[in-house]
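Take a look at the structure set out below.
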Amino acid sequence: MIQLLLLCMMLFQAGTQTATKPTIDNDRVSVQEVSEYSTPAQPTDAVVVSLSGSAVYVPKGAKSKLSGRLFVIDLKDHPVPPLENKSGYPAAFPRPGTKKLFENDRVIVWDSTWTLGVATPMHFHDKDVVVVFLEDGDLKSTTPDGKEVVNKYTTGTVRFNQRDRIHTETLMNGKQRAIITELK
């Protein structure tokens, strides 16, 4: 009997240790990496991004039909209106190298590709974004005052970037493509 109890405890502990914690969790979104076999019906509206470069909007209660390595961006009920652009620079999107995948009342989702050595136009982010990087490449961000930061991104890196930013981006080495979800 004691052996059976010990076995049950070990199985319970193994199950709880494999539960994934959100990669990002704030008042706007919760982002988790999942496998195709563990995508239950969504408890909230969500954007599901595949590392193959696909993205779909999944309403509350529905399931994603994407497969492979997936990132689920659960959208929390905390809308924030976009900022008025008083910067004098164009909005972040659309811009060269981007293609709008879809838009609804909650999000705008973009497929963005950078070209080695070519800077994006200086731009203003009026919305918070979740970025899922699909390749390995280093992006240099340059602000209007000339400050530069180089960030190394690998396949599957996920970032939450707050609105009210002005910068340009340049791919310094490697390749880089990302699915960018603007939050409304």
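Letters A, B, ... mark the chains of the structure tokens in the order given; residue numbers begin at 1 per chain; ligand numbers begin at 1, in order shown.
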Counting only C-alpha atoms, which residues of segment 45-124 of chain A sit at most 9 Å from some atom of segment 133-147 of chain A, and what is each one's closest atom pair with its distance in Å to one decimal, listed by chain and rising residue number, as a Markdown table?
| residue | atom | partner | partner_atom | distance |
| --- | --- | --- | --- | --- |
| A:Ser50 | CA | A:Leu134 | CA | 8.8 |
| A:Leu51 | CA | A:Leu134 | CA | 5.7 |
| A:Ser52 | CA | A:Leu134 | CA | 7.5 |
| A:Gly53 | CA | A:Leu134 | CA | 7.0 |
| A:Trp114 | CA | A:Leu139 | CA | 8.8 |
| A:Ala119 | CA | A:Lys140 | CA | 8.8 |
| A:Met122 | CA | A:Pro144 | CA | 7.7 |
Residues as selected, all heavy atoms, written as a PDB file, in the first residue's frame, can you do that?
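Once written, selection_21.pdb looks like this:
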ATOM      1  N   SER A  50       2.734  29.837 -35.178  1.00  0.00           N
ATOM      2  CA  SER A  50       3.559  28.661 -35.429  1.00  0.00           C
ATOM      3  C   SER A  50       4.939  29.119 -35.883  1.00  0.00           C
ATOM      4  O   SER A  50       5.064  30.111 -36.610  1.00  0.00           O
ATOM      5  CB  SER A  50       2.923  27.805 -36.518  1.00  0.00           C
ATOM      6  OG  SER A  50       3.835  26.839 -36.983  1.00  0.00           O
ATOM      7  N   LEU A  51       5.966  28.386 -35.494  1.00  0.00           N
ATOM      8  CA  LEU A  51       7.312  28.734 -35.955  1.00  0.00           C
ATOM      9  C   LEU A  51       7.489  28.516 -37.447  1.00  0.00           C
ATOM     10  O   LEU A  51       8.486  28.942 -38.023  1.00  0.00           O
ATOM     11  CB  LEU A  51       8.372  27.958 -35.172  1.00  0.00           C
ATOM     12  CG  LEU A  51       8.625  28.478 -33.759  1.00  0.00           C
ATOM     13  CD1 LEU A  51       9.789  27.738 -33.118  1.00  0.00           C
ATOM     14  CD2 LEU A  51       8.900  29.964 -33.746  1.00  0.00           C
ATOM     15  N   SER A  52       6.510  27.903 -38.094  1.00  0.00           N
ATOM     16  CA  SER A  52       6.552  27.794 -39.556  1.00  0.00           C
ATOM     17  C   SER A  52       6.170  29.120 -40.207  1.00  0.00           C
ATOM     18  O   SER A  52       6.293  29.269 -41.424  1.00  0.00           O
ATOM     19  CB  SER A  52       5.627  26.684 -40.036  1.00  0.00           C
ATOM     20  OG  SER A  52       4.270  27.044 -39.798  1.00  0.00           O
ATOM     21  N   GLY A  53       5.669  30.082 -39.396  1.00  0.00           N
ATOM     22  CA  GLY A  53       5.324  31.394 -39.929  1.00  0.00           C
ATOM     23  C   GLY A  53       3.843  31.627 -40.111  1.00  0.00           C
ATOM     24  O   GLY A  53       3.453  32.652 -40.656  1.00  0.00           O
ATOM     25  N   TRP A 114      13.333  41.165 -42.204  1.00  0.00           N
ATOM     26  CA  TRP A 114      14.381  42.171 -42.304  1.00  0.00           C
ATOM     27  C   TRP A 114      15.391  41.731 -43.354  1.00  0.00           C
ATOM     28  O   TRP A 114      15.650  40.541 -43.526  1.00  0.00           O
ATOM     29  CB  TRP A 114      15.085  42.354 -40.958  1.00  0.00           C
ATOM     30  CG  TRP A 114      14.239  43.026 -39.930  1.00  0.00           C
ATOM     31  CD1 TRP A 114      14.232  44.356 -39.614  1.00  0.00           C
ATOM     32  CD2 TRP A 114      13.282  42.422 -39.062  1.00  0.00           C
ATOM     33  NE1 TRP A 114      13.324  44.605 -38.610  1.00  0.00           N
ATOM     34  CE2 TRP A 114      12.726  43.431 -38.250  1.00  0.00           C
ATOM     35  CE3 TRP A 114      12.823  41.112 -38.887  1.00  0.00           C
ATOM     36  CZ2 TRP A 114      11.758  43.181 -37.282  1.00  0.00           C
ATOM     37  CZ3 TRP A 114      11.857  40.856 -37.928  1.00  0.00           C
ATOM     38  CH2 TRP A 114      11.335  41.893 -37.139  1.00  0.00           C
ATOM     39  N   ALA A 119      18.266  49.282 -43.024  1.00  0.00           N
ATOM     40  CA  ALA A 119      17.499  49.805 -41.891  1.00  0.00           C
ATOM     41  C   ALA A 119      16.040  50.019 -42.273  1.00  0.00           C
ATOM     42  O   ALA A 119      15.748  50.433 -43.398  1.00  0.00           O
ATOM     43  CB  ALA A 119      18.100  51.121 -41.413  1.00  0.00           C
ATOM     44  N   MET A 122      12.764  55.048 -39.719  1.00  0.00           N
ATOM     45  CA  MET A 122      12.534  55.444 -38.325  1.00  0.00           C
ATOM     46  C   MET A 122      11.014  55.452 -38.146  1.00  0.00           C
ATOM     47  O   MET A 122      10.290  55.976 -38.995  1.00  0.00           O
ATOM     48  CB  MET A 122      13.131  56.825 -38.065  1.00  0.00           C
ATOM     49  CG  MET A 122      13.132  57.257 -36.626  1.00  0.00           C
ATOM     50  SD  MET A 122      14.273  56.369 -35.539  1.00  0.00           S
ATOM     51  CE  MET A 122      15.877  56.898 -36.124  1.00  0.00           C
TER      52      MET A 122
END
9 Å contact set for Thr181 of chain A, only C-alpha atoms, chain neighbours under 6 positions out, as a PDB file with N, CA and C atoms, in the first residue's frame:
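Wrote it out as selection_1.pdb, contents follow:
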ATOM      1  N   VAL A  47      -4.185  34.662 -30.114  1.00  0.00           N
ATOM      2  CA  VAL A  47      -3.488  34.541 -31.392  1.00  0.00           C
ATOM      3  C   VAL A  47      -2.527  33.379 -31.203  1.00  0.00           C
ATOM      4  N   ILE A  73      -0.823  33.299 -27.617  1.00  0.00           N
ATOM      5  CA  ILE A  73      -0.883  34.637 -27.018  1.00  0.00           C
ATOM      6  C   ILE A  73      -2.312  34.829 -26.526  1.00  0.00           C
ATOM      7  N   VAL A 107      -6.622  42.778 -32.435  1.00  0.00           N
ATOM      8  CA  VAL A 107      -5.216  42.721 -32.848  1.00  0.00           C
ATOM      9  C   VAL A 107      -5.039  43.060 -34.321  1.00  0.00           C
ATOM     10  N   ILE A 108      -3.801  43.381 -34.668  1.00  0.00           N
ATOM     11  CA  ILE A 108      -3.340  43.397 -36.059  1.00  0.00           C
ATOM     12  C   ILE A 108      -2.091  42.525 -36.065  1.00  0.00           C
ATOM     13  N   VAL A 109      -2.031  41.531 -36.956  1.00  0.00           N
ATOM     14  CA  VAL A 109      -0.896  40.600 -36.989  1.00  0.00           C
ATOM     15  C   VAL A 109      -0.133  40.786 -38.294  1.00  0.00           C
ATOM     16  N   TRP A 110       1.188  40.976 -38.146  1.00  0.00           N
ATOM     17  CA  TRP A 110       2.087  41.253 -39.264  1.00  0.00           C
ATOM     18  C   TRP A 110       3.142  40.160 -39.390  1.00  0.00           C
ATOM     19  N   ASP A 111       3.511  39.854 -40.624  1.00  0.00           N
ATOM     20  CA  ASP A 111       4.644  38.985 -40.927  1.00  0.00           C
ATOM     21  C   ASP A 111       5.749  39.925 -41.392  1.00  0.00           C
ATOM     22  N   ASP A 128       1.189  48.373 -28.031  1.00  0.00           N
ATOM     23  CA  ASP A 128       2.013  47.305 -27.466  1.00  0.00           C
ATOM     24  C   ASP A 128       2.067  46.172 -28.487  1.00  0.00           C
ATOM     25  N   VAL A 129       3.180  45.425 -28.507  1.00  0.00           N
ATOM     26  CA  VAL A 129       3.317  44.316 -29.446  1.00  0.00           C
ATOM     27  C   VAL A 129       3.892  43.083 -28.764  1.00  0.00           C
ATOM     28  N   VAL A 130       3.522  41.917 -29.309  1.00  0.00           N
ATOM     29  CA  VAL A 130       4.166  40.649 -28.962  1.00  0.00           C
ATOM     30  C   VAL A 130       4.866  40.182 -30.228  1.00  0.00           C
ATOM     31  N   VAL A 131       6.167  39.891 -30.102  1.00  0.00           N
ATOM     32  CA  VAL A 131       6.977  39.496 -31.253  1.00  0.00           C
ATOM     33  C   VAL A 131       7.453  38.056 -31.055  1.00  0.00           C
ATOM     34  N   VAL A 132       7.185  37.200 -32.042  1.00  0.00           N
ATOM     35  CA  VAL A 132       7.701  35.833 -32.041  1.00  0.00           C
ATOM     36  C   VAL A 132       8.709  35.747 -33.180  1.00  0.00           C
TER      37      VAL A 132
END
(request) Tell me, as a ChimeraX atom specification, which residues lie within 8 Å of Leu70 of chain A, counting only C-alpha atoms; anything in the same chain fewer than 6 positions away does not count. (result) /A:33-36,48-51
(message) Applying 9 Å and only C-alpha atoms, which residues near segment 84-96 of chain A remain after dropping the ones on its own chain fewer than 5 positions away? List them as a VMD selection string.
(response) chain A and resid 110 112 to 114 120 to 126 164 166
Could you take the residues named above and write them with N, CA and C atoms, as an mmCIF file, in the first residue's frame?
data_model
loop_
_atom_site.group_PDB
_atom_site.id
_atom_site.type_symbol
_atom_site.label_atom_id
_atom_site.label_comp_id
_atom_site.auth_asym_id
_atom_site.auth_seq_id
_atom_site.Cartn_x
_atom_site.Cartn_y
_atom_site.Cartn_z
ATOM 1 N N TRP A 110 1.188 40.976 -38.146
ATOM 2 C CA TRP A 110 2.087 41.253 -39.264
ATOM 3 C C TRP A 110 3.142 40.160 -39.390
ATOM 4 N N SER A 112 6.829 39.992 -40.634
ATOM 5 C CA SER A 112 7.888 40.961 -40.911
ATOM 6 C C SER A 112 9.204 40.263 -41.201
ATOM 7 N N THR A 113 9.873 40.695 -42.262
ATOM 8 C CA THR A 113 11.177 40.163 -42.636
ATOM 9 C C THR A 113 12.154 41.323 -42.778
ATOM 10 N N TRP A 114 13.333 41.165 -42.204
ATOM 11 C CA TRP A 114 14.381 42.171 -42.304
ATOM 12 C C TRP A 114 15.391 41.731 -43.354
ATOM 13 N N THR A 120 15.153 49.725 -41.334
ATOM 14 C CA THR A 120 13.753 50.092 -41.532
ATOM 15 C C THR A 120 13.664 51.608 -41.407
ATOM 16 N N PRO A 121 12.609 52.211 -41.931
ATOM 17 C CA PRO A 121 12.445 53.646 -41.688
ATOM 18 C C PRO A 121 12.303 53.895 -40.181
ATOM 19 N N MET A 122 12.764 55.048 -39.719
ATOM 20 C CA MET A 122 12.534 55.444 -38.325
ATOM 21 C C MET A 122 11.014 55.452 -38.146
ATOM 22 N N HIS A 123 10.509 54.861 -37.053
ATOM 23 C CA HIS A 123 9.062 54.720 -36.891
ATOM 24 C C HIS A 123 8.640 54.812 -35.428
ATOM 25 N N PHE A 124 7.335 55.035 -35.240
ATOM 26 C CA PHE A 124 6.725 55.209 -33.923
ATOM 27 C C PHE A 124 5.777 54.038 -33.651
ATOM 28 N N HIS A 125 5.934 53.415 -32.491
ATOM 29 C CA HIS A 125 5.027 52.331 -32.071
ATOM 30 C C HIS A 125 3.922 52.915 -31.198
ATOM 31 N N ASP A 126 2.709 52.933 -31.726
ATOM 32 C CA ASP A 126 1.564 53.458 -30.978
ATOM 33 C C ASP A 126 0.821 52.377 -30.201
ATOM 34 N N ASP A 164 4.829 53.489 -27.414
ATOM 35 C CA ASP A 164 5.500 54.761 -27.166
ATOM 36 C C ASP A 164 7.007 54.639 -27.339
ATOM 37 N N ILE A 166 10.224 54.987 -30.393
ATOM 38 C CA ILE A 166 10.646 55.448 -31.720
ATOM 39 C C ILE A 166 12.020 54.860 -31.967
#
(request) Could you give me, as number ranges by chain, each residue of segment 3-178 of chain A that DSSP assigns to strand (DSSP E) when run on this structure's backbone? (result) A: 24-25, 29-34, 46-50, 55-58, 70-75, 98-103, 107-114, 123-125, 129-133, 137-142, 148-153, 158-161, 165-174, 176-178
(message) To test your reading of the structure, identify every residue in chain A that backbone DSSP assigns to alpha helix (DSSP H), and report it as a PyMOL selection string.
(response) chain A and resi 2-17
(request) Go through A:Asp45, A:Asp74, A:Glu169, A:Glu182 and flag the residue nearest Lys60 of chain A, using only C-alpha atoms for the distances. (result) A:Asp45
(message) So, with only C-alpha atoms as the atoms that count, which of A:Leu116, A:Leu83, A:Val72, A:Ala55 lies closest to Ser30 of chain A?
(response)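 For Ser30 of chain A, the nearest of the given residues is A:Val72.
Interatomic distance, atom CA of Gly117 of chain A to atom CA of His167 of chain A: 15.6 Å.
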